[in-house]
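K.L.:
As input, take target02.cif (mmCIF, C-alpha atoms and all ligand atoms):
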```
data_input
loop_
_atom_site.group_PDB
_atom_site.id
_atom_site.type_symbol
_atom_site.label_atom_id
_atom_site.label_comp_id
_atom_site.auth_asym_id
_atom_site.auth_seq_id
_atom_site.Cartn_x
_atom_site.Cartn_y
_atom_site.Cartn_z
ATOM 1 C CA MET W 1 116.494 51.698 39.843
ATOM 2 C CA ALA W 2 118.141 50.854 43.175
ATOM 3 C CA HIS W 3 121.744 49.727 43.141
ATOM 4 C CA ILE W 4 121.842 46.104 44.290
ATOM 5 C CA GLU W 5 125.108 45.401 45.999
ATOM 6 C CA SER W 6 126.419 41.868 45.799
ATOM 7 C CA ASN W 7 129.066 40.641 48.157
ATOM 8 C CA ASN W 8 131.582 38.985 45.845
ATOM 9 C CA LEU W 9 133.918 38.185 48.695
ATOM 10 C CA THR W 10 131.465 35.858 50.466
ATOM 11 C CA GLU W 11 132.474 32.227 50.633
ATOM 12 C CA ALA W 12 129.558 29.782 50.438
ATOM 13 C CA TYR W 13 129.583 26.264 51.832
ATOM 14 C CA PRO W 14 126.008 25.034 51.486
ATOM 15 C CA MET W 15 124.613 22.145 53.479
ATOM 16 C CA VAL W 16 124.422 18.747 51.783
ATOM 17 C CA GLY W 17 121.358 18.833 49.530
ATOM 18 C CA GLY W 18 118.852 16.129 48.607
ATOM 19 C CA ASP W 19 117.028 13.964 51.087
ATOM 20 C CA ASP W 20 119.175 10.852 51.402
ATOM 21 C CA ALA W 21 120.839 9.521 54.555
ATOM 22 C CA TYR W 22 123.689 12.077 54.417
ATOM 23 C CA SER W 23 121.574 15.121 53.560
ATOM 24 C CA TYR W 24 121.200 18.122 55.859
ATOM 25 C CA ALA W 25 117.447 17.530 55.707
ATOM 26 C CA ASN W 26 118.005 14.209 57.480
ATOM 27 C CA ASN W 27 120.840 15.324 59.750
ATOM 28 C CA SER W 28 119.586 18.476 61.398
ATOM 29 C CA THR W 29 117.688 17.360 64.464
ATOM 30 C CA TYR W 30 119.968 19.489 66.664
ATOM 31 C CA GLN W 31 118.946 22.598 64.685
ATOM 32 C CA ARG W 32 115.339 21.370 64.827
ATOM 33 C CA GLY W 33 115.679 21.423 68.625
ATOM 34 C CA VAL W 34 116.735 25.069 68.379
ATOM 35 C CA VAL W 35 113.591 25.900 66.360
ATOM 36 C CA ASP W 36 111.443 24.048 68.911
ATOM 37 C CA ALA W 37 113.125 25.807 71.843
ATOM 38 C CA ALA W 38 112.588 29.226 70.239
ATOM 39 C CA LYS W 39 108.888 28.681 69.425
ATOM 40 C CA GLU W 40 107.475 29.999 72.698
ATOM 41 C CA LEU W 41 109.929 32.913 72.845
ATOM 42 C CA ILE W 42 108.992 33.975 69.315
ATOM 43 C CA SER W 43 105.267 33.732 70.102
ATOM 44 C CA GLU W 44 105.788 35.939 73.153
ATOM 45 C CA ALA W 45 107.841 38.448 71.150
ATOM 46 C CA ILE W 46 105.113 38.640 68.500
ATOM 47 C CA ALA W 47 102.387 39.006 71.145
ATOM 48 C CA ASP W 48 104.292 41.719 73.060
ATOM 49 C CA LYS W 49 106.255 43.608 70.444
ATOM 50 C CA LEU W 50 104.714 43.282 67.008
ATOM 51 C CA ASP W 51 102.417 46.278 66.605
ATOM 52 C CA LEU W 52 100.061 45.484 63.727
ATOM 53 C CA LYS W 53 98.618 49.007 63.852
ATOM 54 C CA ILE W 54 102.022 50.609 63.291
ATOM 55 C CA LEU W 55 102.543 48.155 60.447
ATOM 56 C CA GLY W 56 99.242 49.285 58.947
ATOM 57 C CA PHE W 57 97.367 46.010 59.367
ATOM 58 C CA ASP W 58 94.556 47.298 61.600
ATOM 59 C CA ASP W 59 92.233 48.353 58.836
ATOM 60 C CA THR W 60 93.939 47.377 55.607
ATOM 61 C CA LEU W 61 94.663 43.942 54.273
ATOM 62 C CA LYS W 62 97.941 43.565 52.458
ATOM 63 C CA PRO W 63 100.455 40.692 52.275
ATOM 64 C CA PHE W 64 102.436 40.154 55.456
ATOM 65 C CA LYS W 65 106.026 39.531 54.338
ATOM 66 C CA ILE W 66 108.301 37.156 56.243
ATOM 67 C CA ALA W 67 111.917 36.221 55.481
ATOM 68 C CA ASP W 68 113.875 33.247 56.799
ATOM 69 C CA LEU W 69 117.565 33.916 56.219
ATOM 70 C CA GLY W 70 119.977 30.956 55.976
ATOM 71 C CA CYS W 71 117.059 28.551 55.510
ATOM 72 C CA SER W 72 119.028 25.603 54.065
ATOM 73 C CA VAL W 73 117.012 22.502 53.063
ATOM 74 C CA GLY W 74 114.690 20.379 55.133
ATOM 75 C CA PRO W 75 111.865 20.651 57.593
ATOM 76 C CA ASN W 76 113.392 23.186 60.029
ATOM 77 C CA THR W 77 112.791 26.324 58.002
ATOM 78 C CA LEU W 78 109.228 25.203 57.197
ATOM 79 C CA LEU W 79 108.514 24.525 60.845
ATOM 80 C CA ALA W 80 109.915 27.905 61.896
ATOM 81 C CA VAL W 81 107.768 29.655 59.288
ATOM 82 C CA GLN W 82 104.669 27.765 60.434
ATOM 83 C CA ASN W 83 105.322 28.765 64.070
ATOM 84 C CA ILE W 84 105.752 32.411 63.113
ATOM 85 C CA ILE W 85 102.571 32.479 61.013
ATOM 86 C CA GLU W 86 100.494 30.854 63.760
ATOM 87 C CA ALA W 87 101.680 33.449 66.278
ATOM 88 C CA ILE W 88 100.983 36.351 63.905
ATOM 89 C CA GLU W 89 97.502 35.032 63.090
ATOM 90 C CA LEU W 90 96.729 34.857 66.796
ATOM 91 C CA LYS W 91 97.930 38.409 67.299
ATOM 92 C CA PHE W 92 95.921 39.529 64.254
ATOM 93 C CA GLN W 93 92.735 37.965 65.636
ATOM 94 C CA ARG W 94 93.221 39.560 69.036
ATOM 95 C CA THR W 95 94.258 43.066 68.109
ATOM 96 C CA THR W 96 93.018 44.293 64.744
ATOM 97 C CA ASN W 97 89.760 46.050 63.946
ATOM 98 C CA LEU W 98 89.030 43.893 60.947
ATOM 99 C CA HIS W 99 87.478 41.026 62.955
ATOM 100 C CA GLN W 100 88.119 38.749 60.063
ATOM 101 C CA LYS W 101 89.104 35.151 60.089
ATOM 102 C CA PRO W 102 92.891 34.802 60.223
ATOM 103 C CA SER W 103 92.730 33.338 56.729
ATOM 104 C CA ALA W 104 91.924 36.810 55.458
ATOM 105 C CA LEU W 105 95.511 37.771 56.130
ATOM 106 C CA GLU W 106 97.855 36.598 53.376
ATOM 107 C CA PHE W 107 101.491 35.756 53.945
ATOM 108 C CA GLN W 108 104.406 35.864 51.567
ATOM 109 C CA VAL W 109 107.485 33.959 52.726
ATOM 110 C CA PHE W 110 110.980 34.394 51.315
ATOM 111 C CA LEU W 111 113.355 31.492 51.920
ATOM 112 C CA ASN W 112 116.918 32.730 51.620
ATOM 113 C CA ASP W 113 120.251 30.998 51.404
ATOM 114 C CA HIS W 114 123.343 31.054 49.205
ATOM 115 C CA SER W 115 122.620 30.343 45.540
ATOM 116 C CA ASP W 116 124.343 26.943 45.840
ATOM 117 C CA ASN W 117 121.740 25.843 48.399
ATOM 118 C CA ASP W 118 119.544 22.981 47.169
ATOM 119 C CA PHE W 119 116.446 25.102 46.595
ATOM 120 C CA ASN W 120 114.916 22.416 44.332
ATOM 121 C CA THR W 121 114.653 19.928 47.192
ATOM 122 C CA LEU W 122 113.402 22.691 49.468
ATOM 123 C CA PHE W 123 110.656 23.687 47.036
ATOM 124 C CA LYS W 124 109.583 20.042 46.615
ATOM 125 C CA SER W 125 109.254 19.706 50.386
ATOM 126 C CA LEU W 126 106.927 22.699 50.780
ATOM 127 C CA PRO W 127 103.671 21.490 52.402
ATOM 128 C CA HIS W 128 100.776 21.340 49.938
ATOM 129 C CA ALA W 129 98.376 22.805 52.473
ATOM 130 C CA ARG W 130 100.575 25.738 53.453
ATOM 131 C CA LYS W 131 99.106 29.093 54.420
ATOM 132 C CA TYR W 132 101.635 31.192 52.522
ATOM 133 C CA PHE W 133 103.029 32.067 49.127
ATOM 134 C CA ALA W 134 106.627 30.862 49.052
ATOM 135 C CA ALA W 135 109.596 32.206 47.125
ATOM 136 C CA GLY W 136 113.272 31.261 47.144
ATOM 137 C CA LEU W 137 115.742 34.097 47.484
ATOM 138 C CA PRO W 138 119.374 33.320 46.634
ATOM 139 C CA GLY W 139 122.164 35.534 47.968
ATOM 140 C CA SER W 140 124.226 36.366 50.994
ATOM 141 C CA PHE W 141 122.429 37.829 53.967
ATOM 142 C CA HIS W 142 125.498 39.985 54.537
ATOM 143 C CA SER W 143 124.262 42.119 51.622
ATOM 144 C CA ARG W 144 120.933 43.675 50.662
ATOM 145 C CA LEU W 145 118.351 41.049 49.692
ATOM 146 C CA PHE W 146 115.103 43.036 49.590
ATOM 147 C CA PRO W 147 113.865 46.449 48.458
ATOM 148 C CA ARG W 148 113.888 49.205 51.051
ATOM 149 C CA SER W 149 111.143 49.007 53.726
ATOM 150 C CA SER W 150 109.514 45.889 52.325
ATOM 151 C CA ILE W 151 109.775 43.133 54.963
ATOM 152 C CA HIS W 152 107.637 42.882 58.122
ATOM 153 C CA PHE W 153 109.355 40.000 59.903
ATOM 154 C CA VAL W 154 112.924 38.694 59.614
ATOM 155 C CA HIS W 155 113.874 35.350 61.123
ATOM 156 C CA THR W 156 117.175 33.514 61.100
ATOM 157 C CA SER W 157 118.047 30.387 63.030
ATOM 158 C CA TYR W 158 121.444 28.785 63.460
ATOM 159 C CA ALA W 159 122.987 30.593 60.490
ATOM 160 C CA LEU W 160 124.159 34.041 61.574
ATOM 161 C CA HIS W 161 127.209 32.748 63.414
ATOM 162 C CA TRP W 162 128.657 31.803 60.009
ATOM 163 C CA LEU W 163 131.389 34.156 58.895
ATOM 164 C CA SER W 164 131.276 35.460 55.334
ATOM 165 C CA LYS W 165 134.827 34.246 54.832
ATOM 166 C CA VAL W 166 137.880 32.875 56.602
ATOM 167 C CA PRO W 167 139.889 35.903 57.750
ATOM 168 C CA LYS W 168 142.853 36.063 55.378
ATOM 169 C CA GLU W 169 145.464 36.444 58.160
ATOM 170 C CA ILE W 170 144.383 33.074 59.559
ATOM 171 C CA VAL W 171 145.666 31.250 56.481
ATOM 172 C CA ASP W 172 148.707 33.417 55.815
ATOM 173 C CA PRO W 173 151.907 31.692 57.032
ATOM 174 C CA CYS W 174 153.608 35.120 57.191
ATOM 175 C CA SER W 175 150.972 36.614 59.495
ATOM 176 C CA PRO W 176 151.199 36.564 63.308
ATOM 177 C CA ALA W 177 147.553 35.397 63.150
ATOM 178 C CA TRP W 178 148.374 32.225 61.179
ATOM 179 C CA ASN W 179 146.239 29.511 62.728
ATOM 180 C CA LYS W 180 148.276 26.559 61.526
ATOM 181 C CA GLY W 181 146.675 23.170 62.051
ATOM 182 C CA SER W 182 143.510 24.467 63.724
ATOM 183 C CA ILE W 183 140.025 24.874 62.267
ATOM 184 C CA GLN W 184 138.749 27.132 65.032
ATOM 185 C CA CYS W 185 139.620 30.255 66.963
ATOM 186 C CA SER W 186 142.515 29.228 69.202
ATOM 187 C CA GLU W 187 142.357 31.574 72.134
ATOM 188 C CA SER W 188 146.017 30.990 72.963
ATOM 189 C CA ASN W 189 146.934 33.355 70.118
ATOM 190 C CA ILE W 190 145.438 36.818 70.642
ATOM 191 C CA GLU W 191 146.062 37.698 66.973
ATOM 192 C CA VAL W 192 143.860 34.785 65.909
ATOM 193 C CA VAL W 193 141.128 35.917 68.308
ATOM 194 C CA ARG W 194 141.409 39.454 66.948
ATOM 195 C CA ALA W 195 141.188 38.283 63.328
ATOM 196 C CA TYR W 196 138.062 36.208 63.967
ATOM 197 C CA SER W 197 136.320 38.846 66.091
ATOM 198 C CA THR W 198 137.062 41.614 63.571
ATOM 199 C CA GLN W 199 135.579 39.465 60.806
ATOM 200 C CA TYR W 200 132.514 38.736 62.934
ATOM 201 C CA LYS W 201 132.040 42.403 63.815
ATOM 202 C CA ASN W 202 132.258 43.415 60.146
ATOM 203 C CA ASP W 203 129.828 40.671 59.109
ATOM 204 C CA MET W 204 127.292 41.553 61.801
ATOM 205 C CA GLU W 205 127.530 45.211 60.848
ATOM 206 C CA SER W 206 126.831 44.391 57.174
ATOM 207 C CA PHE W 207 123.920 42.138 58.176
ATOM 208 C CA LEU W 208 122.335 44.722 60.480
ATOM 209 C CA ASN W 209 122.843 47.615 58.034
ATOM 210 C CA ALA W 210 121.134 45.647 55.265
ATOM 211 C CA ARG W 211 118.191 44.631 57.472
ATOM 212 C CA ALA W 212 117.818 48.204 58.788
ATOM 213 C CA GLU W 213 117.090 49.255 55.209
ATOM 214 C CA GLU W 214 114.783 46.357 54.424
ATOM 215 C CA LEU W 215 112.565 46.104 57.506
ATOM 216 C CA VAL W 216 109.480 48.290 57.520
ATOM 217 C CA PRO W 217 109.265 50.684 60.499
ATOM 218 C CA GLY W 218 107.765 48.663 63.360
ATOM 219 C CA GLY W 219 108.856 45.348 61.838
ATOM 220 C CA LEU W 220 110.346 42.603 63.975
ATOM 221 C CA MET W 221 113.577 40.659 63.678
ATOM 222 C CA VAL W 222 114.343 37.371 65.467
ATOM 223 C CA LEU W 223 117.982 36.283 65.437
ATOM 224 C CA ILE W 224 118.795 32.852 66.837
ATOM 225 C CA LEU W 225 122.458 32.025 66.732
ATOM 226 C CA ALA W 226 125.000 29.854 68.437
ATOM 227 C CA ALA W 227 126.640 31.545 71.410
ATOM 228 C CA VAL W 228 128.160 28.528 73.021
ATOM 229 C CA VAL W 229 130.819 30.014 75.239
ATOM 230 C CA PRO W 230 130.037 32.144 78.299
ATOM 231 C CA ASP W 231 132.510 35.010 78.936
ATOM 232 C CA GLY W 232 135.743 33.814 80.514
ATOM 233 C CA ILE W 233 135.423 30.207 79.365
ATOM 234 C CA PRO W 234 137.897 29.236 76.637
ATOM 235 C CA LEU W 235 136.280 27.888 73.468
ATOM 236 C CA SER W 236 138.424 24.774 73.726
ATOM 237 C CA ASN W 237 136.650 23.931 77.029
ATOM 238 C CA SER W 238 133.186 24.014 75.477
ATOM 239 C CA TYR W 239 131.695 20.927 73.883
ATOM 240 C CA VAL W 240 131.775 22.639 70.480
ATOM 241 C CA GLY W 241 135.463 23.416 71.001
ATOM 242 C CA VAL W 242 136.226 19.808 71.900
ATOM 243 C CA PHE W 243 134.222 18.592 68.895
ATOM 244 C CA ASN W 244 135.983 21.031 66.540
ATOM 245 C CA ASN W 245 139.394 19.936 67.802
ATOM 246 C CA ILE W 246 138.604 16.307 67.040
ATOM 247 C CA LEU W 247 137.238 17.251 63.615
ATOM 248 C CA GLY W 248 140.315 19.427 62.953
ATOM 249 C CA SER W 249 142.641 16.618 63.885
ATOM 250 C CA CYS W 250 140.795 14.302 61.439
ATOM 251 C CA PHE W 251 141.256 16.934 58.705
ATOM 252 C CA ASN W 252 144.952 17.133 59.549
ATOM 253 C CA ASP W 253 145.265 13.355 59.246
ATOM 254 C CA LEU W 254 143.420 13.405 55.925
ATOM 255 C CA ALA W 255 145.644 16.199 54.653
ATOM 256 C CA LYS W 256 148.740 14.250 55.636
ATOM 257 C CA MET W 257 147.372 11.322 53.650
ATOM 258 C CA VAL W 258 146.822 13.798 50.759
ATOM 259 C CA ARG W 259 143.131 12.991 50.712
ATOM 260 C CA ILE W 260 142.102 16.637 50.319
ATOM 261 C CA ASN W 261 143.383 19.120 47.785
ATOM 262 C CA ASP W 262 145.467 22.205 48.395
ATOM 263 C CA SER W 263 142.688 24.775 48.282
ATOM 264 C CA LYS W 264 140.665 22.994 50.950
ATOM 265 C CA TRP W 265 143.775 22.377 53.009
ATOM 266 C CA LYS W 266 144.386 26.140 53.036
ATOM 267 C CA LEU W 267 141.278 26.529 55.150
ATOM 268 C CA ILE W 268 142.702 24.489 57.975
ATOM 269 C CA GLN W 269 146.405 25.327 57.733
HETATM 270 C C1 LIG I 301 123.210 25.104 59.872
HETATM 271 S S1 LIG I 301 122.275 25.704 58.533
HETATM 272 C C2 LIG I 301 120.784 26.194 59.348
HETATM 273 C C3 LIG I 301 119.616 26.042 58.442
HETATM 274 C C4 LIG I 301 118.242 26.289 59.053
HETATM 275 N N1 LIG I 301 118.058 27.675 59.433
HETATM 276 C C5 LIG I 301 117.970 25.377 60.228
HETATM 277 O O1 LIG I 301 117.654 25.894 61.296
HETATM 278 O O2 LIG I 301 118.039 24.171 60.055
HETATM 279 C C6 LIG I 301 123.026 27.291 58.206
HETATM 280 C C7 LIG I 301 122.636 27.829 56.832
HETATM 281 O O3 LIG I 301 123.034 29.188 56.751
HETATM 282 C C8 LIG I 301 123.434 29.413 55.413
HETATM 283 N N2 LIG I 301 124.261 30.611 55.371
HETATM 284 C C9 LIG I 301 125.456 30.815 55.954
HETATM 285 N N3 LIG I 301 125.918 32.040 55.646
HETATM 286 C C10 LIG I 301 124.976 32.614 54.846
HETATM 287 C C11 LIG I 301 124.885 33.866 54.188
HETATM 288 N N4 LIG I 301 125.856 34.782 54.295
HETATM 289 N N5 LIG I 301 123.786 34.138 53.456
HETATM 290 C C12 LIG I 301 122.785 33.216 53.332
HETATM 291 N N6 LIG I 301 122.822 31.994 53.930
HETATM 292 C C13 LIG I 301 123.909 31.707 54.675
HETATM 293 C C14 LIG I 301 124.198 28.152 55.036
HETATM 294 O O4 LIG I 301 124.320 28.009 53.628
HETATM 295 C C15 LIG I 301 123.326 27.094 55.686
HETATM 296 O O5 LIG I 301 122.354 26.598 54.806
#
```
Could you write out this structure as structure tokens?
P.N.:
Amino acid sequence: MAHIESNNLTEAYPMVGGDDAYSYANNSTYQRGVVDAAKELISEAIADKLDLKILGFDDTLKPFKIADLGCSVGPNTLLAVQNIIEAIELKFQRTTNLHQKPSALEFQVFLNDHSDNDFNTLFKSLPHARKYFAAGLPGSFHSRLFPRSSIHFVHTSYALHWLSKVPKEIVDPCSPAWNKGSIQCSESNIEVVRAYSTQYKNDMESFLNARAEELVPGGLMVLILAAVVPDGIPLSNSYVGVFNNILGSCFNDLAKMVRINDSKWKLIQ
């Protein structure tokens, strides 16, 4: 039996569940734009790089396994999955020896997010006429999620830039990296930059090590993440930086009015 490592240190802040006016499902058109923008690039990557022969799909039919990591709730993950399946079916038709209708190929799709994600709403929103078998997969993508060599295609959109936790130095008043009053990486303090980038490096390493075990040889991975600041431009000069500063200042005002409790305040101190 394989040892399944769970990352107890991961902090989870799921998107707002349900489907009302304040839900993520109804407030994620920006992320929807990211899925739309990536559609053509993903189709090209599948056409050029996914080798169905190496994956063993040229003369054998077996389930093609896809994972969307950090899926959240709402239409975006379902749209991304649909785009991926359409591109793979096209590739299948063009390049395999089976000459079967694309429907002969069966897909299994794993929708992953933290266990606090509103999987119930997500499951209810699955299209009735979908071309895949769907399964929810709770857990952090910074740890192993799948058995070794079992996934053919990994996709993640607008989720991998999330850190697994706030670096502890950031919230320690005795540390030179204390980021008092700010909710983002303030580039004026090199210690703060170092703390955030070390955390990011460690998280990316954990993510990539886990996926390296899980992807079958010849599998494909598509990572779409926010990279908003070109080299040399301070974060505070980007629109995200400006937005975060305004949001941070609102949090500070709320904290002064004692509208949020101590543990949440720690995150922004
Ligand atoms: C902004 S949402 C993006 C959701 C969806 N991919 C989209 O494009 O609309 C980011 C999601 O990543 C999830 N997430 C962040 N860190 C994660 C982790 N370590 N493991 C699994 N999911 C994670 C969050 O819970 C959240 O649902």
K.L.:
I'd like the contact shell of W:Lys165 - 9 Å cut-off, all atoms listed in the file, skipping same-chain residues fewer than 6 positions apart - returned as JSON, numbers by chain.
P.N.:
{"W": [9, 10, 11, 12, 199]}
K.L.:
Counting all atoms listed in the file, what are the residues, protein, DNA or RNA alike, that approach ligand LIG 301 (chain I) to within 7 Å? I want them as a VMD selection string.
P.N.:
chain W and resid 10 12 to 15 28 31 to 32 35 69 to 73 76 to 77 112 to 114 117 139 to 142 156 to 160 162 to 164
K.L.:
Just to be explicit: take each residue in the selection above, keep C-alpha atoms, and write the result as a tab-separated table (two decimals), in the coordinates of the input.
P.N.:
```tsv
chain	number	residue	atom	x	y	z
W	10	THR	CA	131.46	35.86	50.47
W	12	ALA	CA	129.56	29.78	50.44
W	13	TYR	CA	129.58	26.26	51.83
W	14	PRO	CA	126.01	25.03	51.49
W	15	MET	CA	124.61	22.14	53.48
W	28	SER	CA	119.59	18.48	61.40
W	31	GLN	CA	118.95	22.60	64.68
W	32	ARG	CA	115.34	21.37	64.83
W	35	VAL	CA	113.59	25.90	66.36
W	69	LEU	CA	117.56	33.92	56.22
W	70	GLY	CA	119.98	30.96	55.98
W	71	CYS	CA	117.06	28.55	55.51
W	72	SER	CA	119.03	25.60	54.06
W	73	VAL	CA	117.01	22.50	53.06
W	76	ASN	CA	113.39	23.19	60.03
W	77	THR	CA	112.79	26.32	58.00
W	112	ASN	CA	116.92	32.73	51.62
W	113	ASP	CA	120.25	31.00	51.40
W	114	HIS	CA	123.34	31.05	49.20
W	117	ASN	CA	121.74	25.84	48.40
W	139	GLY	CA	122.16	35.53	47.97
W	140	SER	CA	124.23	36.37	50.99
W	141	PHE	CA	122.43	37.83	53.97
W	142	HIS	CA	125.50	39.98	54.54
W	156	THR	CA	117.18	33.51	61.10
W	157	SER	CA	118.05	30.39	63.03
W	158	TYR	CA	121.44	28.78	63.46
W	159	ALA	CA	122.99	30.59	60.49
W	160	LEU	CA	124.16	34.04	61.57
W	162	TRP	CA	128.66	31.80	60.01
W	163	LEU	CA	131.39	34.16	58.90
W	164	SER	CA	131.28	35.46	55.33
```
K.L.:
Which is closer to W:His161 than all the others in W:Tyr24, W:Phe110, W:Tyr239, W:Tyr200, using all atoms listed in the file?
P.N.:
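Of W:Tyr24, W:Phe110, W:Tyr239, W:Tyr200, the one nearest W:His161, counting all atoms listed in the file, is W:Tyr200.
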K.L.:
Tell me which protein, DNA and RNA residues are within 12 Å of W:Pro234, counting all atoms listed in the file, leaving out same-chain ones fewer than 2 positions away, and put them as a ChimeraX atom specification.
P.N.:
/W:184-189,193,228-232,236-242
K.L.:
Write out as a list in words which residues come within 10 Å of W:Gly17 when counting all atoms listed in the file, dropping same-chain ones fewer than 4 positions away.
P.N.:
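Selected residues are Tyr22, Ser23, Tyr24, Ala25, Asn26, Ser72, Val73, Gly74, Asp116, Asn117, Asp118, Phe119, Asn120, Thr121 and Leu122 of chain W.
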K.L.:
Evaluating the PyMOL selection byres (((chain W and resi 167) around 7) and not hetatm) on the displayed file yields which residues, as a list in words?
P.N.:
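That expression, the PyMOL selection byres (((chain W and resi 167) around 7) and not hetatm), corresponds here to Lys165, Val166, Lys168, Glu169, Ile170, Ala195, Tyr196 and Gln199 of chain W.
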K.L.:
At what distance in Å, to one decimal, does atom CA of W:Asp36 lie from atom CA of W:Leu50?
P.N.:
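Pair atom CA of W:Leu50 / atom CA of W:Asp36 returns 20.5 Å.
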K.L.:
Between W:Ile88, W:Val81, W:Val216, W:Ala227, single out the one closest to W:Leu126, counting all atoms listed in the file.
P.N.:
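Nearest candidate to W:Leu126 out of W:Ile88, W:Val81, W:Val216, W:Ala227: W:Val81.
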K.L.:
Tell me, in Å to one decimal, how far atom CA of W:Pro147 is from atom CA of W:Ile42.
P.N.:
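Interatomic distance here is 24.8 Å.
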K.L.:
So how many Å separate atom CA of W:Cys250 and atom CA of W:Asp20, to one decimal?
P.N.:
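Distance between the two atoms: 24.1 Å.
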K.L.:
Name the closest residue to W:Asp68 among the candidates W:Ala21, W:Val109, W:Leu247, W:Ala87; distances are taken between atoms, counting all atoms listed in the file.
P.N.:
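With all atoms listed in the file as the atom set, the closest residue is W:Val109.
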K.L.:
Using the chain letters and numbers from the file, which residues does the PyMOL selection byres (((chain W and resi 131) around 12) and not hetatm) grab, as a PyMOL selection string?
P.N.:
chain W and resi 63-64+78+81-86+89+102-109+126-130+132-134
K.L.:
Mind checking which residues fall within 8 Å of W:Ile54, counting only C-alpha atoms, ignoring those fewer than 2 positions away in the same chain, and posting them as a compact mmCIF listing (two decimals) with C-alpha atoms, in the coordinates of the input?
P.N.:
```txt
# COMPACT_ATOMS: atom_id res chain seq x y z
CA ASP W 51 102.42 46.28 66.60
CA LEU W 52 100.06 45.48 63.73
CA GLY W 56 99.24 49.28 58.95
CA PHE W 57 97.37 46.01 59.37
CA PRO W 217 109.26 50.68 60.50
CA GLY W 218 107.76 48.66 63.36
```
K.L.:
Looking at all atoms listed in the file, which of W:Gly136, W:Gly248, W:Pro75, W:Gly219 is the one that sits closest to W:Asn179?
P.N.:
W:Gly248
K.L.:
Using only C-alpha atoms for the distances, tell me which of W:Ala45, W:Ser249, W:Thr95, W:Ala80 is nearest to W:Ile183.
P.N.:
W:Ser249
K.L.:
Using only C-alpha atoms, which of the listed residues (W:Leu235, W:Leu145, W:Ala38, W:Ala67) sits closest to W:Phe207?
P.N.:
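Checking each candidate against W:Phe207, we get W:Leu145 as the closest.
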K.L.:
Do you know which residues the PyMOL selection byres (((chain W and resi 214) around 7) and not hetatm) returns on this file, as an mmCIF file with C-alpha atoms, in the coordinates of the input?
P.N.:
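selection.cif, written as the output of this step:
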```
data_model
loop_
_atom_site.group_PDB
_atom_site.id
_atom_site.type_symbol
_atom_site.label_atom_id
_atom_site.label_comp_id
_atom_site.auth_asym_id
_atom_site.auth_seq_id
_atom_site.Cartn_x
_atom_site.Cartn_y
_atom_site.Cartn_z
ATOM 1 C CA PHE W 146 115.103 43.036 49.590
ATOM 2 C CA PRO W 147 113.865 46.449 48.458
ATOM 3 C CA ARG W 148 113.888 49.205 51.051
ATOM 4 C CA SER W 149 111.143 49.007 53.726
ATOM 5 C CA SER W 150 109.514 45.889 52.325
ATOM 6 C CA ILE W 151 109.775 43.133 54.963
ATOM 7 C CA ALA W 210 121.134 45.647 55.265
ATOM 8 C CA ARG W 211 118.191 44.631 57.472
ATOM 9 C CA ALA W 212 117.818 48.204 58.788
ATOM 10 C CA GLU W 213 117.090 49.255 55.209
ATOM 11 C CA LEU W 215 112.565 46.104 57.506
ATOM 12 C CA VAL W 216 109.480 48.290 57.520
#
```
